[in-house]
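These notes are about the structure you will find just below.
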Amino acid sequence: MRKFVVIFVCCILFFCGCADSAHESASDISAAQSDNVSLHTAELFAMDTYMALKAYCADDKPLNSAQAIIEMLEKELSVTLPDSDISRLNNAQGEKIELNCDCVELIKNALDLCERTNGALDITIYPILREWGFTTGDYKIPTPENIRSLLTNVNYSAVWAAENSIQLPSGYMIDLGAVAKGYTSDKIISLFKENGITSAIISLGGNVHALGSKPDGSAWKIALTDPNLPQTYIGNLEIVDKAVITSGSYERYFTGDDGTRYCHIISPFDGYPVNNGIASVTVIGDSGVLCDALSTALFVMGKEAAVEHWRKYCDFEMIIITDAGEITVTEGIQSNFSLSRPYEQNKLEVIYR
Amino acid sequence: MKKTVFLITACAVVFLASAVISVVMLNAPSGDIVKIKSDGELLYTIDLSKSPNKTIVVEYNGKKNTLEIKDHKIRVLEADCPDKVCVNAGWLDSTAIPIICLPNKLIIEYENNDADAAAR
């Protein structure tokens, strides 16, 4: 009997040893690949969100520079900071305003995306967004007359952009909230590349952007939030070198006196919070700005028009989740997406070109 | 002859049993360790599987979040933030999605994360 106990213990030790050596050899490989490169992280609260940066690099310097970029862009692009470039522009009362190049570049970029989405994205929606209270927290349902009159000051094509200056018609205001974080993540990824980093992942308040793959060559694993139950994740997305940006009705909303839930995504077409059965749209692509803008625009458009847009442009993939929990995935991302266990019974539709 | 067969069978059984036990042992979670951070600073590292039921008050700029640990789970019980997103989040459920109180700059998350990032 004692012999068996000895053999038993030996076997357990043997298997544990196997597992240990497997772990060690895996970490040896990644260490060898990357010389004195190790994981560096930074966390900060900025742009009204929580941001987490992870990069495999030699020291903290690239992360410090990234934080400086975030702080600088927030000062320029914020619509709520009274001294920001955008606030200066919004208070210009029809005057032409000279702005620094980041700001002008992003506004031009955003205007192109407003055009591309036929106004489903409109950076001049701000006066209406503010009227609903989404920027102040002082939520209210505006009167239909109020919305109608404010809508006359919503039209991206009235924004005039020159080399280094922007002019808004009097009464107009812009908000870059739908593109600012995507733009920021693009800037950080370029900074990381310039610093020779080949492996990094950043989350700017849930807007995820990955540079390369993990150091061992495997894909980054992104958890996708269930918009109908935001503390759980509906599935996993495996990505390399991509931005993953979600717009969801669950992110910011209020319940009005009439008992209706109003979300922060406002349709520029009628001035009301979007209520088309979509709970979230996730866009996967190479450019943070594009993904950020499209996640909002496709949400506004609704599923049918979003699919049409995807077929027409071929430069992004998307995942749409409805209020009823139905999931629609485009062909190009299908093999990288898997449902987490509690959701395996959900309806999953794949859209082909 | 019989003895040899018995020995081989016995060894095989022992071998398989130990293989199964080893796999179970190695896959066992390394504890339900959560981190509580205020404005980026790590305040507490708590193993939920070992922690007794209790409440913890975290203060930031005079604002308070009261955390509750109960039956090896954690949540924000009360908060004097304006939006109460952290309270409405309920118990920390997912290893991929943290509880965040933006106004009071509070984060509660599992140490071992299932995913590299969460998209939301």
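Residues in the structure tokens are named by chain (A, B, ... in the order shown) and by number from 1 within that chain; ligands are numbered from 1 in the order shown.
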
Neighbour list for Ile100 in chain B as a PyMOL selection string, cut-off 6 Å, only C-alpha atoms, skip fewer than 5 positions in-chain: chain B and resi 86+106-107

Proximal residues of chain A relative to chain B (only C-alpha atoms; 7 Å) as JSON, numbers by chain: {"A": [8, 11, 12, 15, 16, 43, 44, 45, 49, 50, 203, 206, 207, 208, 220, 221, 222, 223, 224, 225, 231, 232, 244, 245, 246]}

Keeping only N, CA and C atoms, write those residues as a CSV table (one decimal), in the first residue's frame.
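Final file, result-v8.csv:
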```csv
chain,number,residue,atom,x,y,z
A,8,PHE,N,1.8,7.4,-6.4
A,8,PHE,CA,0.7,8.4,-6.5
A,8,PHE,C,1.3,9.8,-6.4
A,11,CYS,N,3.6,10.6,-9.2
A,11,CYS,CA,2.9,11.0,-10.4
A,11,CYS,C,2.4,12.5,-10.3
A,12,ILE,N,1.8,12.8,-9.2
A,12,ILE,CA,1.3,14.2,-9.0
A,12,ILE,C,2.5,15.2,-9.2
A,15,PHE,N,3.4,15.5,-12.9
A,15,PHE,CA,2.5,16.3,-13.7
A,15,PHE,C,2.7,17.8,-13.4
A,16,CYS,N,2.8,18.0,-12.1
A,16,CYS,CA,2.9,19.4,-11.7
A,16,CYS,C,4.2,20.0,-12.3
A,43,GLU,N,-2.6,54.3,-15.7
A,43,GLU,CA,-4.1,54.4,-15.6
A,43,GLU,C,-4.4,55.9,-15.3
A,44,LEU,N,-5.4,56.4,-15.9
A,44,LEU,CA,-5.7,57.8,-15.6
A,44,LEU,C,-7.2,58.1,-15.9
A,45,PHE,N,-7.7,59.1,-15.2
A,45,PHE,CA,-9.1,59.6,-15.5
A,45,PHE,C,-8.9,60.9,-16.3
A,49,THR,N,-13.6,59.8,-18.7
A,49,THR,CA,-13.6,58.4,-18.7
A,49,THR,C,-12.4,57.9,-17.9
A,50,TYR,N,-12.4,56.6,-17.8
A,50,TYR,CA,-11.2,55.9,-17.2
A,50,TYR,C,-10.4,55.3,-18.3
A,203,SER,N,-7.0,51.3,-23.6
A,203,SER,CA,-8.5,51.4,-23.6
A,203,SER,C,-8.8,52.8,-23.1
A,206,GLY,N,-13.1,52.4,-22.6
A,206,GLY,CA,-13.8,51.3,-23.4
A,206,GLY,C,-13.6,51.4,-24.9
A,207,ASN,N,-13.0,52.4,-25.4
A,207,ASN,CA,-12.6,52.5,-26.8
A,207,ASN,C,-11.2,51.8,-26.8
A,208,VAL,N,-11.1,50.6,-27.4
A,208,VAL,CA,-9.9,49.8,-27.3
A,208,VAL,C,-9.1,50.0,-28.6
A,220,TRP,N,-4.7,39.8,-29.2
A,220,TRP,CA,-5.3,40.4,-28.0
A,220,TRP,C,-6.7,39.9,-27.8
A,221,LYS,N,-7.1,39.7,-26.6
A,221,LYS,CA,-8.5,39.2,-26.3
A,221,LYS,C,-9.3,40.4,-25.7
A,222,ILE,N,-10.3,40.8,-26.4
A,222,ILE,CA,-11.1,41.9,-26.0
A,222,ILE,C,-12.5,41.4,-25.6
A,223,ALA,N,-12.9,41.7,-24.4
A,223,ALA,CA,-14.2,41.4,-23.9
A,223,ALA,C,-15.2,42.4,-24.4
A,224,LEU,N,-16.3,41.9,-25.0
A,224,LEU,CA,-17.4,42.8,-25.5
A,224,LEU,C,-18.5,42.9,-24.5
A,225,THR,N,-18.8,44.1,-24.0
A,225,THR,CA,-19.9,44.3,-23.0
A,225,THR,C,-21.2,44.0,-23.5
A,231,GLN,N,-22.6,44.8,-16.8
A,231,GLN,CA,-21.5,44.3,-16.0
A,231,GLN,C,-21.1,42.9,-16.5
A,232,THR,N,-21.6,42.4,-17.5
A,232,THR,CA,-21.2,41.1,-18.0
A,232,THR,C,-20.8,41.2,-19.5
A,244,VAL,N,-11.1,48.9,-31.7
A,244,VAL,CA,-12.5,48.3,-31.4
A,244,VAL,C,-13.3,49.3,-30.6
A,245,ILE,N,-14.3,50.0,-31.3
A,245,ILE,CA,-15.0,51.1,-30.6
A,245,ILE,C,-16.5,50.8,-30.6
A,246,THR,N,-17.1,50.9,-29.4
A,246,THR,CA,-18.5,50.7,-29.3
A,246,THR,C,-19.3,51.9,-28.9
```

Non-local contacts of Ser157 in chain A (12 Å; only C-alpha atoms; under 3 positions in same chain excluded) as JSON, numbers by chain: {"A": [107, 108, 110, 111, 112, 113, 114, 115, 116, 118, 119, 121, 122, 123, 124, 153, 154, 160, 161, 167, 168, 169, 172, 174]}

As a PDB file with N, CA and C atoms, in the first residue's frame, please: all residues of range 181-264 of chain A that backbone DSSP puts in strand (DSSP E or B).
```
ATOM      1  N   ALA A 200       1.218  46.715 -27.807  1.00  0.00           N
ATOM      2  CA  ALA A 200       0.578  47.587 -26.816  1.00  0.00           C
ATOM      3  C   ALA A 200      -0.927  47.524 -26.981  1.00  0.00           C
ATOM      4  N   ILE A 201      -1.640  47.804 -25.902  1.00  0.00           N
ATOM      5  CA  ILE A 201      -3.099  47.885 -25.995  1.00  0.00           C
ATOM      6  C   ILE A 201      -3.584  48.993 -25.060  1.00  0.00           C
ATOM      7  N   ILE A 202      -4.470  49.832 -25.582  1.00  0.00           N
ATOM      8  CA  ILE A 202      -4.958  50.923 -24.763  1.00  0.00           C
ATOM      9  C   ILE A 202      -6.485  50.903 -24.754  1.00  0.00           C
ATOM     10  N   SER A 203      -7.050  51.325 -23.648  1.00  0.00           N
ATOM     11  CA  SER A 203      -8.497  51.449 -23.550  1.00  0.00           C
ATOM     12  C   SER A 203      -8.810  52.844 -23.054  1.00  0.00           C
ATOM     13  N   LEU A 204      -9.413  53.652 -23.901  1.00  0.00           N
ATOM     14  CA  LEU A 204      -9.785  55.001 -23.499  1.00  0.00           C
ATOM     15  C   LEU A 204     -11.274  54.968 -23.188  1.00  0.00           C
ATOM     16  N   ASN A 207     -12.980  52.444 -25.360  1.00  0.00           N
ATOM     17  CA  ASN A 207     -12.555  52.481 -26.761  1.00  0.00           C
ATOM     18  C   ASN A 207     -11.189  51.819 -26.817  1.00  0.00           C
ATOM     19  N   VAL A 208     -11.134  50.619 -27.400  1.00  0.00           N
ATOM     20  CA  VAL A 208      -9.909  49.835 -27.345  1.00  0.00           C
ATOM     21  C   VAL A 208      -9.120  49.996 -28.640  1.00  0.00           C
ATOM     22  N   HIS A 209      -7.806  50.098 -28.517  1.00  0.00           N
ATOM     23  CA  HIS A 209      -6.956  50.179 -29.707  1.00  0.00           C
ATOM     24  C   HIS A 209      -5.699  49.353 -29.441  1.00  0.00           C
ATOM     25  N   ALA A 210      -5.419  48.388 -30.304  1.00  0.00           N
ATOM     26  CA  ALA A 210      -4.272  47.503 -30.110  1.00  0.00           C
ATOM     27  C   ALA A 210      -3.199  47.788 -31.137  1.00  0.00           C
ATOM     28  N   LEU A 211      -1.950  47.763 -30.682  1.00  0.00           N
ATOM     29  CA  LEU A 211      -0.811  47.854 -31.588  1.00  0.00           C
ATOM     30  C   LEU A 211      -0.179  46.469 -31.648  1.00  0.00           C
ATOM     31  N   TRP A 220      -4.735  39.792 -29.217  1.00  0.00           N
ATOM     32  CA  TRP A 220      -5.283  40.391 -28.002  1.00  0.00           C
ATOM     33  C   TRP A 220      -6.724  39.914 -27.838  1.00  0.00           C
ATOM     34  N   LYS A 221      -7.097  39.689 -26.595  1.00  0.00           N
ATOM     35  CA  LYS A 221      -8.456  39.235 -26.316  1.00  0.00           C
ATOM     36  C   LYS A 221      -9.264  40.396 -25.737  1.00  0.00           C
ATOM     37  N   ILE A 222     -10.326  40.766 -26.438  1.00  0.00           N
ATOM     38  CA  ILE A 222     -11.149  41.898 -26.012  1.00  0.00           C
ATOM     39  C   ILE A 222     -12.514  41.381 -25.572  1.00  0.00           C
ATOM     40  N   ALA A 223     -12.908  41.745 -24.370  1.00  0.00           N
ATOM     41  CA  ALA A 223     -14.243  41.368 -23.884  1.00  0.00           C
ATOM     42  C   ALA A 223     -15.247  42.404 -24.371  1.00  0.00           C
ATOM     43  N   LEU A 224     -16.337  41.927 -24.952  1.00  0.00           N
ATOM     44  CA  LEU A 224     -17.357  42.831 -25.472  1.00  0.00           C
ATOM     45  C   LEU A 224     -18.527  42.893 -24.483  1.00  0.00           C
ATOM     46  N   THR A 225     -18.811  44.104 -23.999  1.00  0.00           N
ATOM     47  CA  THR A 225     -19.855  44.284 -22.982  1.00  0.00           C
ATOM     48  C   THR A 225     -21.245  43.978 -23.541  1.00  0.00           C
ATOM     49  N   TYR A 233     -19.960  40.260 -19.927  1.00  0.00           N
ATOM     50  CA  TYR A 233     -19.546  40.358 -21.322  1.00  0.00           C
ATOM     51  C   TYR A 233     -20.165  39.258 -22.167  1.00  0.00           C
ATOM     52  N   ILE A 234     -20.557  39.711 -23.347  1.00  0.00           N
ATOM     53  CA  ILE A 234     -21.357  38.866 -24.229  1.00  0.00           C
ATOM     54  C   ILE A 234     -20.477  37.967 -25.074  1.00  0.00           C
ATOM     55  N   GLY A 235     -19.257  38.418 -25.333  1.00  0.00           N
ATOM     56  CA  GLY A 235     -18.376  37.611 -26.177  1.00  0.00           C
ATOM     57  C   GLY A 235     -16.959  38.121 -26.153  1.00  0.00           C
ATOM     58  N   ASN A 236     -16.107  37.385 -26.832  1.00  0.00           N
ATOM     59  CA  ASN A 236     -14.697  37.733 -26.935  1.00  0.00           C
ATOM     60  C   ASN A 236     -14.325  37.980 -28.378  1.00  0.00           C
ATOM     61  N   LEU A 237     -13.482  38.982 -28.537  1.00  0.00           N
ATOM     62  CA  LEU A 237     -13.042  39.345 -29.868  1.00  0.00           C
ATOM     63  C   LEU A 237     -11.520  39.242 -29.866  1.00  0.00           C
ATOM     64  N   GLU A 238     -10.957  38.532 -30.852  1.00  0.00           N
ATOM     65  CA  GLU A 238      -9.499  38.437 -30.914  1.00  0.00           C
ATOM     66  C   GLU A 238      -9.006  39.342 -32.028  1.00  0.00           C
ATOM     67  N   ILE A 239      -8.127  40.263 -31.680  1.00  0.00           N
ATOM     68  CA  ILE A 239      -7.685  41.243 -32.681  1.00  0.00           C
ATOM     69  C   ILE A 239      -6.173  41.447 -32.637  1.00  0.00           C
ATOM     70  N   ALA A 243      -8.465  48.887 -33.984  1.00  0.00           N
ATOM     71  CA  ALA A 243      -9.257  49.625 -33.009  1.00  0.00           C
ATOM     72  C   ALA A 243     -10.615  48.941 -32.887  1.00  0.00           C
ATOM     73  N   VAL A 244     -11.141  48.886 -31.669  1.00  0.00           N
ATOM     74  CA  VAL A 244     -12.471  48.308 -31.419  1.00  0.00           C
ATOM     75  C   VAL A 244     -13.263  49.336 -30.624  1.00  0.00           C
ATOM     76  N   ILE A 245     -14.258  49.953 -31.261  1.00  0.00           N
ATOM     77  CA  ILE A 245     -14.959  51.054 -30.591  1.00  0.00           C
ATOM     78  C   ILE A 245     -16.473  50.835 -30.615  1.00  0.00           C
ATOM     79  N   THR A 246     -17.061  50.949 -29.433  1.00  0.00           N
ATOM     80  CA  THR A 246     -18.487  50.674 -29.264  1.00  0.00           C
ATOM     81  C   THR A 246     -19.260  51.941 -28.921  1.00  0.00           C
ATOM     82  N   SER A 247     -20.434  52.091 -29.521  1.00  0.00           N
ATOM     83  CA  SER A 247     -21.396  53.096 -29.061  1.00  0.00           C
ATOM     84  C   SER A 247     -22.601  52.342 -28.554  1.00  0.00           C
ATOM     85  N   GLY A 248     -23.037  52.687 -27.354  1.00  0.00           N
ATOM     86  CA  GLY A 248     -24.174  51.959 -26.795  1.00  0.00           C
ATOM     87  C   GLY A 248     -25.150  52.900 -26.127  1.00  0.00           C
ATOM     88  N   TYR A 253     -27.701  57.629 -20.161  1.00  0.00           N
ATOM     89  CA  TYR A 253     -29.126  57.766 -20.466  1.00  0.00           C
ATOM     90  C   TYR A 253     -29.856  58.294 -19.239  1.00  0.00           C
ATOM     91  N   PHE A 254     -31.097  58.692 -19.437  1.00  0.00           N
ATOM     92  CA  PHE A 254     -31.931  59.040 -18.279  1.00  0.00           C
ATOM     93  C   PHE A 254     -33.359  58.597 -18.564  1.00  0.00           C
ATOM     94  N   THR A 255     -34.110  58.422 -17.499  1.00  0.00           N
ATOM     95  CA  THR A 255     -35.514  58.065 -17.658  1.00  0.00           C
ATOM     96  C   THR A 255     -36.347  59.307 -17.406  1.00  0.00           C
ATOM     97  N   ARG A 261     -37.017  55.724 -21.566  1.00  0.00           N
ATOM     98  CA  ARG A 261     -35.576  55.834 -21.392  1.00  0.00           C
ATOM     99  C   ARG A 261     -34.987  56.566 -22.594  1.00  0.00           C
ATOM    100  N   TYR A 262     -34.270  57.637 -22.322  1.00  0.00           N
ATOM    101  CA  TYR A 262     -33.661  58.433 -23.388  1.00  0.00           C
ATOM    102  C   TYR A 262     -32.138  58.267 -23.355  1.00  0.00           C
ATOM    103  N   CYS A 263     -31.538  57.825 -24.482  1.00  0.00           N
ATOM    104  CA  CYS A 263     -30.087  57.612 -24.507  1.00  0.00           C
ATOM    105  C   CYS A 263     -29.361  58.833 -25.059  1.00  0.00           C
TER     106      CYS A 263
END
```

Helix (DSSP H, G or I) call set, DSSP backbone run, range 189-249 of chain A, as a PyMOL selection string: chain A and resi 189-194

Within 12 Å of Ile197 in chain A using only C-alpha atoms, minus same-chain residues under 4 positions, as a VMD selection string: chain A and resid 34 37 to 40 54 to 63 188 to 193 201 210 to 215

Please produce a file of those selected residues containing N, CA and C atoms, as a PDB file, in the first residue's frame.
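Printed below is result34.pdb as written:
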```pdb
ATOM      1  N   SER A  34      12.150  39.686 -26.502  1.00  0.00           N
ATOM      2  CA  SER A  34      11.947  41.100 -26.272  1.00  0.00           C
ATOM      3  C   SER A  34      13.069  41.757 -25.478  1.00  0.00           C
ATOM      4  N   VAL A  37      12.606  44.358 -22.722  1.00  0.00           N
ATOM      5  CA  VAL A  37      11.281  44.935 -22.850  1.00  0.00           C
ATOM      6  C   VAL A  37      10.349  44.256 -21.857  1.00  0.00           C
ATOM      7  N   SER A  38       9.571  45.053 -21.127  1.00  0.00           N
ATOM      8  CA  SER A  38       8.615  44.455 -20.200  1.00  0.00           C
ATOM      9  C   SER A  38       7.317  45.263 -20.213  1.00  0.00           C
ATOM     10  N   LEU A  39       6.315  44.728 -19.534  1.00  0.00           N
ATOM     11  CA  LEU A  39       5.000  45.379 -19.538  1.00  0.00           C
ATOM     12  C   LEU A  39       5.014  46.640 -18.668  1.00  0.00           C
ATOM     13  N   HIS A  40       4.656  47.755 -19.252  1.00  0.00           N
ATOM     14  CA  HIS A  40       4.510  49.003 -18.500  1.00  0.00           C
ATOM     15  C   HIS A  40       3.061  49.456 -18.624  1.00  0.00           C
ATOM     16  N   LYS A  54      -1.412  49.922 -21.728  1.00  0.00           N
ATOM     17  CA  LYS A  54      -0.429  48.863 -21.478  1.00  0.00           C
ATOM     18  C   LYS A  54       0.492  48.789 -22.683  1.00  0.00           C
ATOM     19  N   ALA A  55       1.803  48.825 -22.436  1.00  0.00           N
ATOM     20  CA  ALA A  55       2.735  48.743 -23.555  1.00  0.00           C
ATOM     21  C   ALA A  55       3.945  47.927 -23.140  1.00  0.00           C
ATOM     22  N   TYR A  56       4.454  47.130 -24.067  1.00  0.00           N
ATOM     23  CA  TYR A  56       5.694  46.389 -23.825  1.00  0.00           C
ATOM     24  C   TYR A  56       6.840  47.242 -24.331  1.00  0.00           C
ATOM     25  N   CYS A  57       7.592  47.816 -23.392  1.00  0.00           N
ATOM     26  CA  CYS A  57       8.668  48.721 -23.762  1.00  0.00           C
ATOM     27  C   CYS A  57       9.744  48.693 -22.673  1.00  0.00           C
ATOM     28  N   ALA A  58      10.827  49.463 -22.899  1.00  0.00           N
ATOM     29  CA  ALA A  58      11.966  49.398 -21.996  1.00  0.00           C
ATOM     30  C   ALA A  58      11.752  50.204 -20.715  1.00  0.00           C
ATOM     31  N   ASP A  59      11.020  51.310 -20.821  1.00  0.00           N
ATOM     32  CA  ASP A  59      10.780  52.129 -19.628  1.00  0.00           C
ATOM     33  C   ASP A  59       9.430  52.841 -19.716  1.00  0.00           C
ATOM     34  N   ASP A  60       9.156  53.696 -18.752  1.00  0.00           N
ATOM     35  CA  ASP A  60       7.855  54.367 -18.664  1.00  0.00           C
ATOM     36  C   ASP A  60       7.704  55.572 -19.595  1.00  0.00           C
ATOM     37  N   LYS A  61       8.797  55.956 -20.258  1.00  0.00           N
ATOM     38  CA  LYS A  61       8.766  57.214 -21.021  1.00  0.00           C
ATOM     39  C   LYS A  61       7.631  57.292 -22.048  1.00  0.00           C
ATOM     40  N   PRO A  62       7.442  56.239 -22.897  1.00  0.00           N
ATOM     41  CA  PRO A  62       6.360  56.339 -23.892  1.00  0.00           C
ATOM     42  C   PRO A  62       4.994  56.524 -23.239  1.00  0.00           C
ATOM     43  N   LEU A  63       4.799  55.909 -22.059  1.00  0.00           N
ATOM     44  CA  LEU A  63       3.505  56.049 -21.375  1.00  0.00           C
ATOM     45  C   LEU A  63       3.327  57.455 -20.834  1.00  0.00           C
ATOM     46  N   ILE A 188      -1.836  58.104 -29.935  1.00  0.00           N
ATOM     47  CA  ILE A 188      -1.017  57.336 -28.980  1.00  0.00           C
ATOM     48  C   ILE A 188      -0.369  56.142 -29.684  1.00  0.00           C
ATOM     49  N   ILE A 189      -1.136  55.477 -30.541  1.00  0.00           N
ATOM     50  CA  ILE A 189      -0.563  54.321 -31.258  1.00  0.00           C
ATOM     51  C   ILE A 189       0.598  54.780 -32.155  1.00  0.00           C
ATOM     52  N   SER A 190       0.450  55.941 -32.836  1.00  0.00           N
ATOM     53  CA  SER A 190       1.570  56.430 -33.659  1.00  0.00           C
ATOM     54  C   SER A 190       2.779  56.756 -32.791  1.00  0.00           C
ATOM     55  N   LEU A 191       2.523  57.356 -31.640  1.00  0.00           N
ATOM     56  CA  LEU A 191       3.628  57.675 -30.720  1.00  0.00           C
ATOM     57  C   LEU A 191       4.355  56.392 -30.305  1.00  0.00           C
ATOM     58  N   PHE A 192       3.590  55.352 -29.978  1.00  0.00           N
ATOM     59  CA  PHE A 192       4.190  54.079 -29.581  1.00  0.00           C
ATOM     60  C   PHE A 192       5.035  53.513 -30.724  1.00  0.00           C
ATOM     61  N   LYS A 193       4.497  53.586 -31.935  1.00  0.00           N
ATOM     62  CA  LYS A 193       5.244  53.076 -33.102  1.00  0.00           C
ATOM     63  C   LYS A 193       6.562  53.827 -33.270  1.00  0.00           C
ATOM     64  N   ILE A 201      -1.640  47.804 -25.902  1.00  0.00           N
ATOM     65  CA  ILE A 201      -3.099  47.885 -25.995  1.00  0.00           C
ATOM     66  C   ILE A 201      -3.584  48.993 -25.060  1.00  0.00           C
ATOM     67  N   ALA A 210      -5.419  48.388 -30.304  1.00  0.00           N
ATOM     68  CA  ALA A 210      -4.272  47.503 -30.110  1.00  0.00           C
ATOM     69  C   ALA A 210      -3.199  47.788 -31.137  1.00  0.00           C
ATOM     70  N   LEU A 211      -1.950  47.763 -30.682  1.00  0.00           N
ATOM     71  CA  LEU A 211      -0.811  47.854 -31.588  1.00  0.00           C
ATOM     72  C   LEU A 211      -0.179  46.469 -31.648  1.00  0.00           C
ATOM     73  N   GLY A 212      -0.087  45.903 -32.844  1.00  0.00           N
ATOM     74  CA  GLY A 212       0.500  44.577 -33.013  1.00  0.00           C
ATOM     75  C   GLY A 212      -0.272  43.514 -32.269  1.00  0.00           C
ATOM     76  N   SER A 213       0.439  42.456 -31.878  1.00  0.00           N
ATOM     77  CA  SER A 213      -0.176  41.371 -31.125  1.00  0.00           C
ATOM     78  C   SER A 213       0.456  41.358 -29.743  1.00  0.00           C
ATOM     79  N   LYS A 214       0.102  40.348 -28.945  1.00  0.00           N
ATOM     80  CA  LYS A 214       0.785  40.183 -27.661  1.00  0.00           C
ATOM     81  C   LYS A 214       2.242  39.807 -27.948  1.00  0.00           C
ATOM     82  N   PRO A 215       3.128  39.979 -26.962  1.00  0.00           N
ATOM     83  CA  PRO A 215       4.548  39.685 -27.227  1.00  0.00           C
ATOM     84  C   PRO A 215       4.786  38.244 -27.705  1.00  0.00           C
TER      85      PRO A 215
END
```

Spatial neighbours of Ile33 in chain B, max dist 12 Å, only C-alpha atoms, sep filter under 4 positions, as a list in words: Pro29, Tyr44, Thr45, Ile46, Asp47, Leu48, Ser49, Lys50, Ser51, His72, Lys73, Ile74, Leu92, Thr95, Ile108, Glu109, Tyr110, Glu111, Asn112 and Asn113 of chain B

Could you dump the residues just selected with N, CA, C and O atoms as a tab-separated table (two decimals), in the first residue's frame?
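Writing done, so here's selection-v5.tsv:
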```tsv
chain	number	residue	atom	x	y	z
B	29	PRO	N	-8.59	28.16	-9.32
B	29	PRO	CA	-8.32	29.59	-9.36
B	29	PRO	C	-7.35	29.97	-8.27
B	29	PRO	O	-7.36	29.40	-7.18
B	44	TYR	N	-6.37	48.75	-1.73
B	44	TYR	CA	-6.52	47.44	-1.11
B	44	TYR	C	-6.36	46.34	-2.15
B	44	TYR	O	-6.76	46.50	-3.29
B	45	THR	N	-5.77	45.23	-1.72
B	45	THR	CA	-5.80	43.99	-2.50
B	45	THR	C	-6.45	42.97	-1.59
B	45	THR	O	-5.94	42.69	-0.50
B	46	ILE	N	-7.60	42.47	-2.00
B	46	ILE	CA	-8.38	41.61	-1.10
B	46	ILE	C	-8.67	40.27	-1.77
B	46	ILE	O	-9.08	40.23	-2.93
B	47	ASP	N	-8.42	39.19	-1.04
B	47	ASP	CA	-8.79	37.87	-1.52
B	47	ASP	C	-10.22	37.59	-1.05
B	47	ASP	O	-10.45	37.32	0.13
B	48	LEU	N	-11.16	37.67	-1.98
B	48	LEU	CA	-12.58	37.53	-1.62
B	48	LEU	C	-12.89	36.16	-1.03
B	48	LEU	O	-13.78	36.02	-0.20
B	49	SER	N	-12.13	35.15	-1.46
B	49	SER	CA	-12.42	33.80	-0.97
B	49	SER	C	-12.08	33.67	0.51
B	49	SER	O	-12.55	32.79	1.20
B	50	LYS	N	-11.23	34.59	1.02
B	50	LYS	CA	-10.82	34.52	2.43
B	50	LYS	C	-11.37	35.65	3.27
B	50	LYS	O	-11.38	35.58	4.50
B	51	SER	N	-11.85	36.71	2.60
B	51	SER	CA	-12.24	37.89	3.37
B	51	SER	C	-13.57	37.67	4.10
B	51	SER	O	-14.51	37.11	3.55
B	72	HIS	N	-18.21	36.42	-0.09
B	72	HIS	CA	-17.12	36.35	-1.08
B	72	HIS	C	-17.42	37.12	-2.36
B	72	HIS	O	-16.91	36.80	-3.42
B	73	LYS	N	-18.29	38.13	-2.25
B	73	LYS	CA	-18.56	38.99	-3.39
B	73	LYS	C	-18.36	40.44	-2.95
B	73	LYS	O	-18.38	40.74	-1.77
B	74	ILE	N	-18.19	41.33	-3.94
B	74	ILE	CA	-17.99	42.74	-3.59
B	74	ILE	C	-18.85	43.63	-4.47
B	74	ILE	O	-19.09	43.34	-5.63
B	92	LEU	N	-19.57	42.81	-8.27
B	92	LEU	CA	-18.51	42.62	-9.27
B	92	LEU	C	-18.64	41.19	-9.77
B	92	LEU	O	-18.50	40.24	-9.02
B	95	THR	N	-14.70	39.00	-14.62
B	95	THR	CA	-13.27	39.24	-14.47
B	95	THR	C	-12.76	40.16	-15.58
B	95	THR	O	-11.61	40.56	-15.57
B	108	ILE	N	-12.85	49.04	-9.05
B	108	ILE	CA	-12.79	47.74	-8.37
B	108	ILE	C	-12.69	46.68	-9.46
B	108	ILE	O	-13.56	46.60	-10.34
B	109	GLU	N	-11.62	45.89	-9.44
B	109	GLU	CA	-11.46	44.90	-10.50
B	109	GLU	C	-10.73	43.66	-10.00
B	109	GLU	O	-10.01	43.72	-9.00
B	110	TYR	N	-10.95	42.53	-10.68
B	110	TYR	CA	-10.21	41.32	-10.36
B	110	TYR	C	-8.77	41.47	-10.80
B	110	TYR	O	-8.46	42.11	-11.81
B	111	GLU	N	-7.87	40.85	-10.03
B	111	GLU	CA	-6.46	40.93	-10.37
B	111	GLU	C	-6.17	40.15	-11.65
B	111	GLU	O	-5.46	40.61	-12.54
B	112	ASN	N	-6.72	38.95	-11.72
B	112	ASN	CA	-6.51	38.14	-12.92
B	112	ASN	C	-7.62	38.40	-13.91
B	112	ASN	O	-8.76	38.07	-13.66
B	113	ASN	N	-7.24	39.04	-15.00
B	113	ASN	CA	-8.23	39.44	-15.97
B	113	ASN	C	-8.37	38.41	-17.08
B	113	ASN	O	-7.38	37.91	-17.58
```

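The interatomic distance for the pair CA of Arg252 in chain A and CA of Glu344 in chain A works out to 27.5 Å.
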